[in-house]
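What follows is a set of notes on a single structure, which appears directly below.
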Amino acid sequence: MTAPLMEDTVAGAFDHKGHPAKRSASGGWSVGTEVAERFGYYGIEANLVNYLTGSLGQSTAMAAKNVNTWFGIATLMPLVGAFLADSYIGRYRSILIASFLYILGLGMLTMSAVFSSHNPHDFHNAQKIMSSSPSHFQIIFFFISLYVVAIAEGGHKPCTQAFGGDQFDENHPQECRAKSSFFNWWTFFVFIGISVGTLTLSFIQENLNWVFGFGIPCITMVFALLLFLLGTTTYRHGIKREVKNPFTGISKVFVAAARNRKISFSSEKAVEEGAQGALSQEGSSEFRFLNKALLEPNCLEEDGQASSINGVEEAKVVLRLFPIRATCLVYGIVHAQISTFFTKQGVTMDRTIGSSFEIPSASLKSFATVTIVLFIPIYDLVFVPFATILTRTPSGITILQRIGIGMFLSTISIAITALI
């Protein structure tokens, strides 16, 4: 009787009551919350520059600046949200709090659009009135609403996918394979939400009313939150543990290594030999100058030398990731043009189909997301099995190789765009 019960228990995972999670009764997960969040976020972001230049009467340059500032803050907020989730709140609660903030922010955006509508049945006239004389209250209320959404993004984005990954046991062969496929199909459904949001909401915003354009994502997010709550009893939760601020520990390592930069090689070698049992073989051979931080008494943590060694290893991980982050920064600069100047360029194009139907300029960016939606099934069902045979890797190719191929293809596409 004991053996089956032990096999049915997932090691290191607990249910919503704090009991060990059972494999047969846990691990359920729905991507509906993330799809709804992406639907609302990109439904706003795709056409935001047109709202600023039209309804709020800003210039293209000022609107692009405001869009990129908001987009940049929304992109950086997940760093704060991830730290709070891992250290204090937990991923499940972070998703709940972020979802409520999303509903609040989207609701406030809807109200800001309502304030501009003098006649709810005359949509286009209301937009003209708004563009000619937006009040300071309307502008301030709109931007407050927009940045509430950015804060919600910070709690939502780093937790939903990670929490979905927590539902799989990496030590179980079947669940390990399912986890690799899960992230591919996660991306598939998320980009479906982005595509639908970009296409439908931009059309509603430009042809009906911004009240509906902001209100529909709010309602969608409410249903997504309810769907997420329905699965509470099936979710797996990790072990709760106290996590110290990683930025503080990493910064202490760099400061200590800089102070001890003039220490002789013999002293540094003695430190490495003394910590040989704790330093990883890979870590001790890379960025050896950081090992000098182990000689600094002030940088040692409360747990003694072991915590200091962990800090050195974490600092080395940050340095290893720096080339990837640096190259992705250039990609981010190019990607930012899609929602600003590319969208405004689309306004100047002939987007008419037939005699009267006109494609919204913001919906042109959906070609990128539709392409991703079409190629993910091909990648997961055709490419990965074939690549697995050649590389002996369950995922076909490594994540770093996927990033490199993506950067290469992005470079080619931007070069072609510049030539055209």
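Ordering of the structure tokens sets the chain letters (A, B, ...); residue numbers start at 1 within each chain; ligands are numbered from 1 in the order shown.
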Show me a table, sorted first by chain and then by increasing residue number, of the residues of range 162-276 of chain A having an atom at most 9 Å from range 31-37 of chain A, each with its shortest atom pair and the distance in Å to one decimal, counting only C-alpha atoms and written as a tab-separated table.
```
residue	atom	partner	partner_atom	distance
A:Gly164	CA	A:Val31	CA	8.1
A:Trp186	CA	A:Val31	CA	6.9
A:Phe189	CA	A:Val35	CA	6.6
A:Val190	CA	A:Val35	CA	4.8
A:Phe191	CA	A:Val35	CA	7.8
A:Ile192	CA	A:Val35	CA	7.7
A:Gly193	CA	A:Val35	CA	5.0
A:Ile194	CA	A:Val35	CA	7.6
A:Gly197	CA	A:Ala36	CA	8.9
A:Pro217	CA	A:Ala36	CA	7.4
A:Thr220	CA	A:Ala36	CA	6.1
A:Met221	CA	A:Ala36	CA	5.7
A:Phe223	CA	A:Thr33	CA	8.5
A:Ala224	CA	A:Thr33	CA	4.7
A:Leu225	CA	A:Thr33	CA	6.3
A:Leu226	CA	A:Thr33	CA	8.9
A:Leu227	CA	A:Gly32	CA	7.2
A:Phe228	CA	A:Thr33	CA	6.3
```
Output all heavy atoms for every residue in that selection, as a short mmCIF file (atom, residue, chain, number, x, y, z; two decimals), in the first residue's frame.
```cif
data_model
loop_
_atom_site.label_atom_id
_atom_site.label_comp_id
_atom_site.auth_asym_id
_atom_site.auth_seq_id
_atom_site.Cartn_x
_atom_site.Cartn_y
_atom_site.Cartn_z
N GLY A 164 3.21 27.52 -15.08
CA GLY A 164 2.82 26.42 -15.95
C GLY A 164 3.89 25.34 -16.00
O GLY A 164 3.60 24.14 -15.99
N TRP A 186 2.42 26.44 -25.72
CA TRP A 186 2.11 27.65 -24.96
C TRP A 186 2.29 28.87 -25.86
O TRP A 186 1.43 29.75 -25.95
CB TRP A 186 3.03 27.73 -23.74
CG TRP A 186 2.99 29.03 -22.99
CD1 TRP A 186 3.60 30.20 -23.33
CD2 TRP A 186 2.29 29.29 -21.77
NE1 TRP A 186 3.35 31.17 -22.39
CE2 TRP A 186 2.56 30.64 -21.43
CE3 TRP A 186 1.51 28.52 -20.93
CZ2 TRP A 186 2.02 31.21 -20.28
CZ3 TRP A 186 1.00 29.11 -19.79
CH2 TRP A 186 1.25 30.44 -19.47
N PHE A 189 -0.54 29.13 -28.58
CA PHE A 189 -1.82 29.70 -28.16
C PHE A 189 -1.68 31.18 -27.75
O PHE A 189 -2.60 31.97 -27.97
CB PHE A 189 -2.40 28.88 -27.00
CG PHE A 189 -2.98 27.57 -27.42
CD1 PHE A 189 -2.33 26.38 -27.12
CD2 PHE A 189 -4.16 27.51 -28.13
CE1 PHE A 189 -2.85 25.17 -27.51
CE2 PHE A 189 -4.70 26.30 -28.53
CZ PHE A 189 -4.04 25.12 -28.22
N VAL A 190 -0.54 31.53 -27.17
CA VAL A 190 -0.33 32.93 -26.80
C VAL A 190 -0.33 33.81 -28.04
O VAL A 190 -0.94 34.90 -28.06
CB VAL A 190 0.99 33.08 -26.01
CG1 VAL A 190 1.42 34.54 -25.95
CG2 VAL A 190 0.82 32.55 -24.60
N PHE A 191 0.33 33.37 -29.10
CA PHE A 191 0.38 34.18 -30.31
C PHE A 191 -0.95 34.16 -31.05
O PHE A 191 -1.23 35.08 -31.83
CB PHE A 191 1.52 33.72 -31.21
CG PHE A 191 2.83 34.34 -30.87
CD1 PHE A 191 3.73 33.70 -30.03
CD2 PHE A 191 3.16 35.60 -31.34
CE1 PHE A 191 4.93 34.28 -29.69
CE2 PHE A 191 4.35 36.20 -31.01
CZ PHE A 191 5.26 35.54 -30.18
N ILE A 192 -1.76 33.15 -30.83
CA ILE A 192 -3.13 33.21 -31.34
C ILE A 192 -3.86 34.36 -30.66
O ILE A 192 -4.57 35.15 -31.30
CB ILE A 192 -3.86 31.88 -31.12
CG1 ILE A 192 -3.37 30.84 -32.12
CG2 ILE A 192 -5.37 32.06 -31.26
CD1 ILE A 192 -4.06 29.50 -31.98
N GLY A 193 -3.70 34.47 -29.33
CA GLY A 193 -4.32 35.58 -28.61
C GLY A 193 -3.81 36.92 -29.08
O GLY A 193 -4.59 37.88 -29.22
N ILE A 194 -2.50 37.01 -29.35
CA ILE A 194 -1.94 38.27 -29.84
C ILE A 194 -2.50 38.62 -31.22
O ILE A 194 -2.86 39.77 -31.50
CB ILE A 194 -0.40 38.18 -29.89
CG1 ILE A 194 0.16 38.02 -28.47
CG2 ILE A 194 0.19 39.41 -30.56
CD1 ILE A 194 1.66 37.79 -28.44
N GLY A 197 -6.18 39.61 -30.92
CA GLY A 197 -6.27 40.92 -30.29
C GLY A 197 -5.87 42.05 -31.23
O GLY A 197 -6.53 43.08 -31.29
N PRO A 217 -11.11 43.84 -23.80
CA PRO A 217 -10.03 43.16 -23.07
C PRO A 217 -10.28 43.08 -21.57
O PRO A 217 -9.90 42.09 -20.93
CB PRO A 217 -8.81 44.02 -23.38
CG PRO A 217 -9.13 44.70 -24.64
CD PRO A 217 -10.59 44.96 -24.61
N THR A 220 -12.67 40.24 -21.06
CA THR A 220 -11.96 38.99 -21.33
C THR A 220 -11.06 38.61 -20.16
O THR A 220 -10.96 37.43 -19.79
CB THR A 220 -11.11 39.13 -22.61
OG1 THR A 220 -11.95 39.53 -23.70
CG2 THR A 220 -10.43 37.82 -22.95
N MET A 221 -10.42 39.60 -19.55
CA MET A 221 -9.53 39.33 -18.43
C MET A 221 -10.31 38.85 -17.21
O MET A 221 -9.81 38.03 -16.42
CB MET A 221 -8.74 40.60 -18.08
CG MET A 221 -7.49 40.34 -17.28
SD MET A 221 -6.28 39.38 -18.21
CE MET A 221 -5.30 38.72 -16.87
N PHE A 223 -13.06 36.96 -17.29
CA PHE A 223 -13.36 35.55 -17.52
C PHE A 223 -12.09 34.69 -17.38
O PHE A 223 -12.15 33.55 -16.90
CB PHE A 223 -13.97 35.36 -18.91
CG PHE A 223 -15.41 35.77 -18.99
CD1 PHE A 223 -15.79 36.96 -19.59
CD2 PHE A 223 -16.41 34.97 -18.44
CE1 PHE A 223 -17.12 37.34 -19.67
CE2 PHE A 223 -17.75 35.34 -18.51
CZ PHE A 223 -18.10 36.53 -19.12
N ALA A 224 -10.95 35.23 -17.81
CA ALA A 224 -9.70 34.48 -17.67
C ALA A 224 -9.33 34.27 -16.21
O ALA A 224 -8.84 33.19 -15.83
CB ALA A 224 -8.58 35.22 -18.40
N LEU A 225 -9.56 35.27 -15.38
CA LEU A 225 -9.29 35.13 -13.95
C LEU A 225 -10.19 34.07 -13.33
O LEU A 225 -9.74 33.25 -12.51
CB LEU A 225 -9.47 36.48 -13.26
CG LEU A 225 -9.30 36.48 -11.73
CD1 LEU A 225 -7.92 35.99 -11.33
CD2 LEU A 225 -9.56 37.88 -11.17
N LEU A 226 -11.45 34.07 -13.72
CA LEU A 226 -12.37 33.05 -13.20
C LEU A 226 -11.93 31.65 -13.64
O LEU A 226 -11.99 30.70 -12.84
CB LEU A 226 -13.79 33.33 -13.69
CG LEU A 226 -14.44 34.63 -13.18
CD1 LEU A 226 -15.81 34.82 -13.81
CD2 LEU A 226 -14.57 34.60 -11.66
N LEU A 227 -11.46 31.53 -14.87
CA LEU A 227 -10.96 30.24 -15.36
C LEU A 227 -9.74 29.80 -14.58
O LEU A 227 -9.58 28.61 -14.25
CB LEU A 227 -10.63 30.34 -16.85
CG LEU A 227 -10.12 29.07 -17.53
CD1 LEU A 227 -11.19 27.98 -17.49
CD2 LEU A 227 -9.71 29.37 -18.97
N PHE A 228 -8.86 30.74 -14.27
CA PHE A 228 -7.66 30.42 -13.50
C PHE A 228 -8.02 29.95 -12.09
O PHE A 228 -7.43 29.01 -11.55
CB PHE A 228 -6.75 31.65 -13.43
CG PHE A 228 -5.50 31.44 -12.61
CD1 PHE A 228 -4.44 30.70 -13.11
CD2 PHE A 228 -5.39 32.00 -11.35
CE1 PHE A 228 -3.29 30.52 -12.37
CE2 PHE A 228 -4.24 31.83 -10.59
CZ PHE A 228 -3.20 31.08 -11.11
#
```
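The residues of range 157-389 of chain A that DSSP assigns to strand (DSSP E or B) on this backbone come out as His237, Glu301, Gly304, Thr352, Ile353, Phe357 and Glu358 of chain A.
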Leaving out Ile414 in chain A and any residue of its chain fewer than 4 positions from it, which residues lie within 10 Å of it when counting only C-alpha atoms, given as a tab-separated table (two decimals) with N, CA and C atoms, in the first residue's frame?
```tsv
chain	number	residue	atom	x	y	z
A	331	TYR	N	17.96	43.92	-30.83
A	331	TYR	CA	16.71	43.40	-31.38
A	331	TYR	C	15.51	44.14	-30.80
A	334	VAL	N	14.88	47.45	-32.56
A	334	VAL	CA	14.21	47.26	-33.85
A	334	VAL	C	12.75	46.88	-33.64
A	335	HIS	N	12.51	46.00	-32.67
A	335	HIS	CA	11.14	45.53	-32.41
A	335	HIS	C	10.23	46.68	-31.98
A	409	LEU	N	17.61	35.31	-38.53
A	409	LEU	CA	16.48	35.56	-39.41
A	409	LEU	C	15.95	36.99	-39.24
A	410	SER	N	15.98	37.51	-38.01
A	410	SER	CA	15.54	38.89	-37.78
A	410	SER	C	16.45	39.89	-38.49
A	418	ALA	N	15.09	47.50	-44.97
A	418	ALA	CA	15.86	48.72	-45.23
A	418	ALA	C	16.09	48.91	-46.72
A	419	LEU	N	16.32	47.82	-47.44
A	419	LEU	CA	16.55	47.92	-48.89
A	419	LEU	C	15.29	48.34	-49.63
A	420	ILE	N	14.14	47.84	-49.16
A	420	ILE	CA	12.88	48.21	-49.80
A	420	ILE	C	12.54	49.66	-49.52
```
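CA of Ser94 in chain A sits 27.2 Å away from CA of His172 in chain A.
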Could you pull the residues within 8 Å of range 137-148 of chain A, counting only C-alpha atoms, minus those fewer than 2 positions along the same chain, as a PDB file with C-alpha atoms, in the first residue's frame?
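The result, stored in part.pdb:
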```pdb
ATOM      1  CA  LEU A  56      -5.082  62.902 -27.591  1.00  0.00           C
ATOM      2  CA  TRP A  70       5.505  52.786 -21.552  1.00  0.00           C
ATOM      3  CA  ALA A  74       6.282  47.380 -18.947  1.00  0.00           C
ATOM      4  CA  LEU A 101      -4.480  44.968 -11.443  1.00  0.00           C
ATOM      5  CA  TYR A 102      -5.000  44.184 -15.119  1.00  0.00           C
ATOM      6  CA  LEU A 104      -8.391  47.612 -12.782  1.00  0.00           C
ATOM      7  CA  GLY A 105      -6.090  49.156 -15.403  1.00  0.00           C
ATOM      8  CA  LEU A 106      -8.211  48.034 -18.361  1.00  0.00           C
ATOM      9  CA  MET A 108      -9.734  52.645 -16.012  1.00  0.00           C
ATOM     10  CA  LEU A 109      -8.722  52.823 -19.685  1.00  0.00           C
ATOM     11  CA  SER A 112     -10.953  57.311 -19.868  1.00  0.00           C
ATOM     12  CA  PHE A 115     -15.035  60.489 -20.563  1.00  0.00           C
ATOM     13  CA  SER A 116     -14.268  61.521 -24.127  1.00  0.00           C
ATOM     14  CA  PRO A 134      -8.614  66.673 -24.544  1.00  0.00           C
ATOM     15  CA  SER A 135      -8.695  67.941 -20.977  1.00  0.00           C
ATOM     16  CA  ALA A 150       2.361  48.114 -17.006  1.00  0.00           C
ATOM     17  CA  ILE A 151       2.561  47.245 -13.293  1.00  0.00           C
ATOM     18  CA  ALA A 152       0.166  44.349 -13.845  1.00  0.00           C
TER      19      ALA A 152
END
```
